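Q: Please find one structure pasted underneath; my questions will follow.
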Amino acid sequence: MVRIVVAAFFLIVLDAAGAAAQAVGGSGVTTNIAYGPDPAQRLDLCVPASGALAGGRPAMIMIHGGYWEFGDRTAYAGPCKAAMARDIVAATIDYRLANGDPRHRWPAQPVDAQLAVRWLRAHAAELGVDPAHICALGDSAGAQIALVLAASGGTVPGDDAGELPGVSSTVACVVDNFGPTDLTSATMWPPDQALFGSDGQTRPTDAERAASPLFLVGPKMPPVMIVHGRNDKAVNIEQSNQLLAALKRNHVPARMTVFDGGHEFEGISPPETAGILRSEFDFIKHPNAP
């Protein structure tokens, strides 16, 4: 798999702006909030300025891609503000990157993401969030992590799984932007040594399969929106086609948008990518709409 840097699209601000806020619960953008004990567990928070909705607003965590090895939360700075403008509370998160440190091996990534979900749910009252309406959105490797959260149906076991005990790690919906779903596929080459601690000589197919959302799909998964480019050379669109089929077999509400471009929205216009993002926000707000 080619190591793809998150597209410049994710730095676009869609007619949204936010003033700095000084405390959790204030409106605007608050940066560098610790959601867990590890230095990598940081998030930026985008909170709408309008009055709280009855019952709370929808919320989501945004999980950047980067082949599990690189990238950071600033990739979603623009979309975080755009979500805020559409009355969604959004948190764009950092998580432990696979870098050879044993503490950063799988499942550190979903452990961190689920902790961010619990942090957001624990602060739901302060932020005017509906605690039952917290979703996850990710691109590429970040989408794979988001799908694992959805498929797990609970808290993934791991070193920080005991943080915020008693708070649910479940998500109400997932947006999967061209995420790898079968890490065992011949077209997919995850960084096995850094991510799974393999010897580098043989593929750890058991570990790859255990981390593959395709094989974790079950009937209790929340609604899923899949977006994939027909000409994606980094993550073959067949990965998403197979996921959609598995979701439908398990009667999970699912939809798929296909665009004429490549990985990270390569080859399509800014207006088209902006339109896709708006449709994703609509899904976040109304995941059970027909």
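Letters A, B, ... go to the chains of the structure tokens in the order shown; residues in each chain start at 1; ligands are counted from 1 in the same order.
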Hey, what's within 12 Å of A:Gln144 if we count only C-alpha atoms and toss same-chain stuff fewer than 4 positions away? As a ChimeraX atom specification, please?
A: /A:63-68,107,109-110,113,136-140,148-151,174-183,190,208,211-214,216,226,235,239-240,243
Q: Please produce a file of the residues just selected, as a short mmCIF file (atom, residue, chain, number, x, y, z; two decimals), in the first residue's frame, where the atoms kept are N, CA and C atoms.
A:
```
data_model
loop_
_atom_site.label_atom_id
_atom_site.label_comp_id
_atom_site.auth_asym_id
_atom_site.auth_seq_id
_atom_site.Cartn_x
_atom_site.Cartn_y
_atom_site.Cartn_z
N ILE A 63 -11.16 10.96 12.76
CA ILE A 63 -9.94 10.17 12.91
C ILE A 63 -9.13 10.24 11.62
N HIS A 64 -7.96 10.85 11.69
CA HIS A 64 -7.14 11.05 10.50
C HIS A 64 -6.54 9.75 9.99
N GLY A 65 -6.23 9.73 8.70
CA GLY A 65 -5.51 8.62 8.10
C GLY A 65 -4.01 8.85 8.15
N GLY A 66 -3.28 8.00 7.42
CA GLY A 66 -1.83 8.10 7.40
C GLY A 66 -1.14 6.76 7.57
N TYR A 67 -1.78 5.68 7.07
CA TYR A 67 -1.13 4.37 7.07
C TYR A 67 -0.80 3.88 8.48
N TRP A 68 -1.53 4.36 9.48
CA TRP A 68 -1.35 4.02 10.90
C TRP A 68 -0.02 4.52 11.47
N PRO A 107 -3.84 -3.17 19.51
CA PRO A 107 -4.95 -2.27 19.21
C PRO A 107 -4.86 -0.89 19.86
N GLN A 109 -4.53 1.93 18.61
CA GLN A 109 -5.26 2.94 17.84
C GLN A 109 -6.76 2.95 18.16
N PRO A 110 -7.47 1.82 18.08
CA PRO A 110 -8.88 1.85 18.49
C PRO A 110 -9.06 2.06 19.99
N ALA A 113 -9.06 5.77 20.20
CA ALA A 113 -10.26 6.36 19.61
C ALA A 113 -11.49 6.13 20.49
N ALA A 136 -18.52 8.43 14.54
CA ALA A 136 -17.11 8.47 14.19
C ALA A 136 -16.98 8.63 12.69
N LEU A 137 -16.05 9.47 12.27
CA LEU A 137 -15.75 9.70 10.86
C LEU A 137 -14.25 9.58 10.68
N GLY A 138 -13.82 8.84 9.66
CA GLY A 138 -12.40 8.69 9.42
C GLY A 138 -12.10 8.52 7.95
N ASP A 139 -10.84 8.73 7.59
CA ASP A 139 -10.40 8.51 6.23
C ASP A 139 -9.25 7.51 6.22
N SER A 140 -9.25 6.62 5.24
CA SER A 140 -8.18 5.64 5.06
C SER A 140 -7.97 4.84 6.34
N VAL A 148 -13.78 -0.37 13.22
CA VAL A 148 -13.52 -1.30 14.32
C VAL A 148 -14.31 -0.86 15.56
N LEU A 149 -14.38 0.45 15.81
CA LEU A 149 -15.18 0.94 16.94
C LEU A 149 -16.63 0.52 16.77
N ALA A 150 -17.15 0.69 15.56
CA ALA A 150 -18.55 0.36 15.31
C ALA A 150 -18.82 -1.13 15.45
N ALA A 151 -17.87 -1.94 14.96
CA ALA A 151 -18.08 -3.39 14.97
C ALA A 151 -17.88 -4.01 16.35
N VAL A 174 -21.17 5.58 11.65
CA VAL A 174 -19.79 5.69 11.16
C VAL A 174 -19.80 6.18 9.72
N VAL A 175 -18.89 7.12 9.43
CA VAL A 175 -18.59 7.50 8.05
C VAL A 175 -17.21 6.93 7.72
N ASP A 176 -17.19 6.10 6.70
CA ASP A 176 -15.98 5.40 6.26
C ASP A 176 -15.54 5.97 4.92
N ASN A 177 -14.53 6.84 4.93
CA ASN A 177 -13.97 7.37 3.70
C ASN A 177 -12.81 6.49 3.25
N PHE A 178 -13.07 5.65 2.25
CA PHE A 178 -12.08 4.79 1.59
C PHE A 178 -11.16 4.07 2.58
N GLY A 179 -11.75 3.47 3.60
CA GLY A 179 -10.96 2.74 4.58
C GLY A 179 -10.67 1.32 4.16
N PRO A 180 -9.50 0.79 4.49
CA PRO A 180 -9.21 -0.63 4.24
C PRO A 180 -10.05 -1.49 5.18
N THR A 181 -10.68 -2.51 4.64
CA THR A 181 -11.56 -3.35 5.45
C THR A 181 -11.06 -4.78 5.59
N ASP A 182 -10.17 -5.21 4.68
CA ASP A 182 -9.58 -6.55 4.74
C ASP A 182 -8.07 -6.41 4.67
N LEU A 183 -7.42 -6.44 5.83
CA LEU A 183 -5.97 -6.23 5.88
C LEU A 183 -5.20 -7.47 5.41
N PRO A 190 -0.49 -3.65 5.07
CA PRO A 190 -0.32 -2.80 6.26
C PRO A 190 1.12 -2.87 6.76
N GLU A 208 -3.76 -9.56 11.20
CA GLU A 208 -4.39 -8.73 10.17
C GLU A 208 -5.90 -9.00 10.11
N ALA A 211 -7.88 -7.46 12.90
CA ALA A 211 -8.00 -6.01 12.78
C ALA A 211 -8.79 -5.59 11.54
N SER A 212 -9.39 -6.53 10.83
CA SER A 212 -10.09 -6.24 9.58
C SER A 212 -11.59 -6.08 9.83
N PRO A 213 -12.13 -4.89 9.61
CA PRO A 213 -13.57 -4.68 9.85
C PRO A 213 -14.47 -5.63 9.08
N LEU A 214 -14.04 -6.06 7.89
CA LEU A 214 -14.86 -6.96 7.08
C LEU A 214 -15.26 -8.20 7.84
N LEU A 216 -15.47 -8.46 11.12
CA LEU A 216 -16.06 -8.11 12.41
C LEU A 216 -17.51 -7.69 12.30
N ILE A 226 -20.41 4.69 3.49
CA ILE A 226 -19.13 4.41 2.84
C ILE A 226 -18.95 5.37 1.67
N VAL A 235 -6.29 2.03 -1.73
CA VAL A 235 -7.24 1.09 -1.14
C VAL A 235 -8.25 0.75 -2.23
N GLN A 239 -12.60 -3.37 -1.57
CA GLN A 239 -12.65 -3.45 -0.11
C GLN A 239 -13.97 -2.88 0.42
N SER A 240 -14.40 -1.76 -0.14
CA SER A 240 -15.66 -1.16 0.28
C SER A 240 -16.86 -1.94 -0.26
N LEU A 243 -17.35 -4.78 2.04
CA LEU A 243 -17.91 -4.33 3.31
C LEU A 243 -19.40 -4.06 3.17
#
```
Q: If we count only C-alpha atoms, what is near A:Leu195 at a cut-off of 8 Å, once residues fewer than 2 positions away on the same chain are taken out, given as a PyMOL selection string?
A: chain A and resi 68+98-100+104-106+190-193+197
Q: Now that the selection is made, can you save its residues with C-alpha atoms as a PDB file, in the first residue's frame?
A:
```pdb
ATOM      1  CA  TRP A  68      -1.352   4.015  10.896  1.00  0.00           C
ATOM      2  CA  ALA A  98       2.637   2.696  14.989  1.00  0.00           C
ATOM      3  CA  ASN A  99       6.335   3.579  15.362  1.00  0.00           C
ATOM      4  CA  GLY A 100       8.017   0.484  16.747  1.00  0.00           C
ATOM      5  CA  HIS A 104       1.875   1.807  20.002  1.00  0.00           C
ATOM      6  CA  ARG A 105       1.055  -1.525  18.397  1.00  0.00           C
ATOM      7  CA  TRP A 106      -2.468  -2.572  17.518  1.00  0.00           C
ATOM      8  CA  PRO A 190      -0.318  -2.803   6.255  1.00  0.00           C
ATOM      9  CA  PRO A 191       2.918  -1.928   8.108  1.00  0.00           C
ATOM     10  CA  ASP A 192       2.987  -5.301   9.839  1.00  0.00           C
ATOM     11  CA  GLN A 193       6.216  -4.847  11.802  1.00  0.00           C
ATOM     12  CA  GLY A 197       5.193  -6.453  15.860  1.00  0.00           C
TER      13      GLY A 197
END
```
Q: To one decimal in Å, tell me the separation between atom CA of A:Leu127 and atom CA of A:Ile145.
A: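 Here the two named atoms are 24.5 Å from each other.
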Q: Counting only C-alpha atoms, figure out which residue out of A:Ala116, A:Arg209, A:Met221, A:Ala77 gets nearest to A:Leu147.
A: A:Met221
Q: How many Å separate atom CA of A:Ala124 from atom CA of A:Ala40?
A: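 Between atom CA of A:Ala124 and atom CA of A:Ala40 the gap works out to 22.4 Å.
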Q: Pick out the residues sitting within 8 Å of A:Arg86, and hand them over as an MDAnalysis selection string; count only C-alpha atoms, and ignore anything fewer than 2 positions along from it in its own chain.
A: chainID A and resid 48 82:84 88 281
Q: Keeping only C-alpha atoms, take the residues you just selected and write them out as a PDB file, in the first residue's frame.
A:
```
ATOM      1  CA  PRO A  48     -21.326  25.462  17.883  1.00  0.00           C
ATOM      2  CA  ALA A  82     -17.441  23.034   9.049  1.00  0.00           C
ATOM      3  CA  ALA A  83     -19.198  20.498  11.285  1.00  0.00           C
ATOM      4  CA  MET A  84     -19.492  23.153  13.997  1.00  0.00           C
ATOM      5  CA  ILE A  88     -22.492  19.267  15.159  1.00  0.00           C
ATOM      6  CA  PHE A 281     -22.594  15.669   7.899  1.00  0.00           C
TER       7      PHE A 281
END
```
Q: Looking at only C-alpha atoms, which of A:Gly275, A:Gln201, A:Asp232, A:Met225 is the one that sits closest to A:Leu247?
A: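 Nearest to A:Leu247: A:Met225.
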Q: Would you pick out the contacts of A:Ser169 at 6 Å or less, using only C-alpha atoms, so that residues sharing its chain but fewer than 4 positions from it are not included, and give the list as a PyMOL selection string?
A: chain A and resi 114+117-118+154-155
Q: Output as a PyMOL selection string all residues of stretch 25-270 of chain A that backbone DSSP marks as alpha helix (DSSP H).
A: chain A and resi 77-85+108-122+124-127+141-152+192-196+205-210+237-249+270
Q: Counting only C-alpha atoms, figure out which residue out of A:Ile268, A:Ala246, A:Ala125, A:Ile237 gets nearest to A:Phe215.
A: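 Of all the options, A:Ala246 lies closest to A:Phe215.
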Q: Rounded to one decimal in Å, what is the spacing between atom CA of A:Ala161 and atom CA of A:His286?
A: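 Distance between the two atoms: 29.1 Å.
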Q: To test your reading of the structure, identify every residue in stretch 86-186 of chain A that backbone DSSP assigns to strand (DSSP E), and report it as a PDB file with C-alpha atoms, in the first residue's frame.
A:
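Written output follows (out.pdb):
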```pdb
ATOM      1  CA  VAL A  89     -19.999  19.078  18.037  1.00  0.00           C
ATOM      2  CA  ALA A  90     -16.795  17.682  16.556  1.00  0.00           C
ATOM      3  CA  ALA A  91     -13.495  16.499  18.006  1.00  0.00           C
ATOM      4  CA  THR A  92     -10.538  15.813  15.734  1.00  0.00           C
ATOM      5  CA  ILE A  93      -8.170  13.450  17.533  1.00  0.00           C
ATOM      6  CA  VAL A 129     -24.308  16.761  23.264  1.00  0.00           C
ATOM      7  CA  ASP A 130     -26.837  13.968  23.024  1.00  0.00           C
ATOM      8  CA  PRO A 131     -24.808  11.125  24.603  1.00  0.00           C
ATOM      9  CA  ALA A 132     -26.699   8.584  22.496  1.00  0.00           C
ATOM     10  CA  HIS A 133     -25.760  10.371  19.271  1.00  0.00           C
ATOM     11  CA  ILE A 134     -21.954  10.272  19.045  1.00  0.00           C
ATOM     12  CA  CYS A 135     -20.538   9.045  15.731  1.00  0.00           C
ATOM     13  CA  ALA A 136     -17.108   8.473  14.190  1.00  0.00           C
ATOM     14  CA  LEU A 137     -15.747   9.697  10.864  1.00  0.00           C
ATOM     15  CA  GLY A 138     -12.395   8.691   9.421  1.00  0.00           C
ATOM     16  CA  ASP A 139     -10.404   8.507   6.227  1.00  0.00           C
ATOM     17  CA  VAL A 174     -19.790   5.691  11.164  1.00  0.00           C
ATOM     18  CA  VAL A 175     -18.591   7.496   8.048  1.00  0.00           C
ATOM     19  CA  ASP A 176     -15.975   5.401   6.260  1.00  0.00           C
ATOM     20  CA  ASN A 177     -13.965   7.369   3.699  1.00  0.00           C
TER      21      ASN A 177
END
```
Q: I'd like the neighbourhood of A:Ala34 as an MDAnalysis selection string, where a residue qualifies if any of its atoms comes within 10 Å (using only C-alpha atoms), though same-chain residues fewer than 2 positions away should be ignored.
A: chainID A and resid 31:32 36:44 93:94 116 119
Q: Looking at A:Trp189, A:Thr205, A:Pro222, A:Leu120, which one is nearest to A:Gly153, with distances taken over only C-alpha atoms?
A: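 The closest residue to A:Gly153 is A:Pro222.
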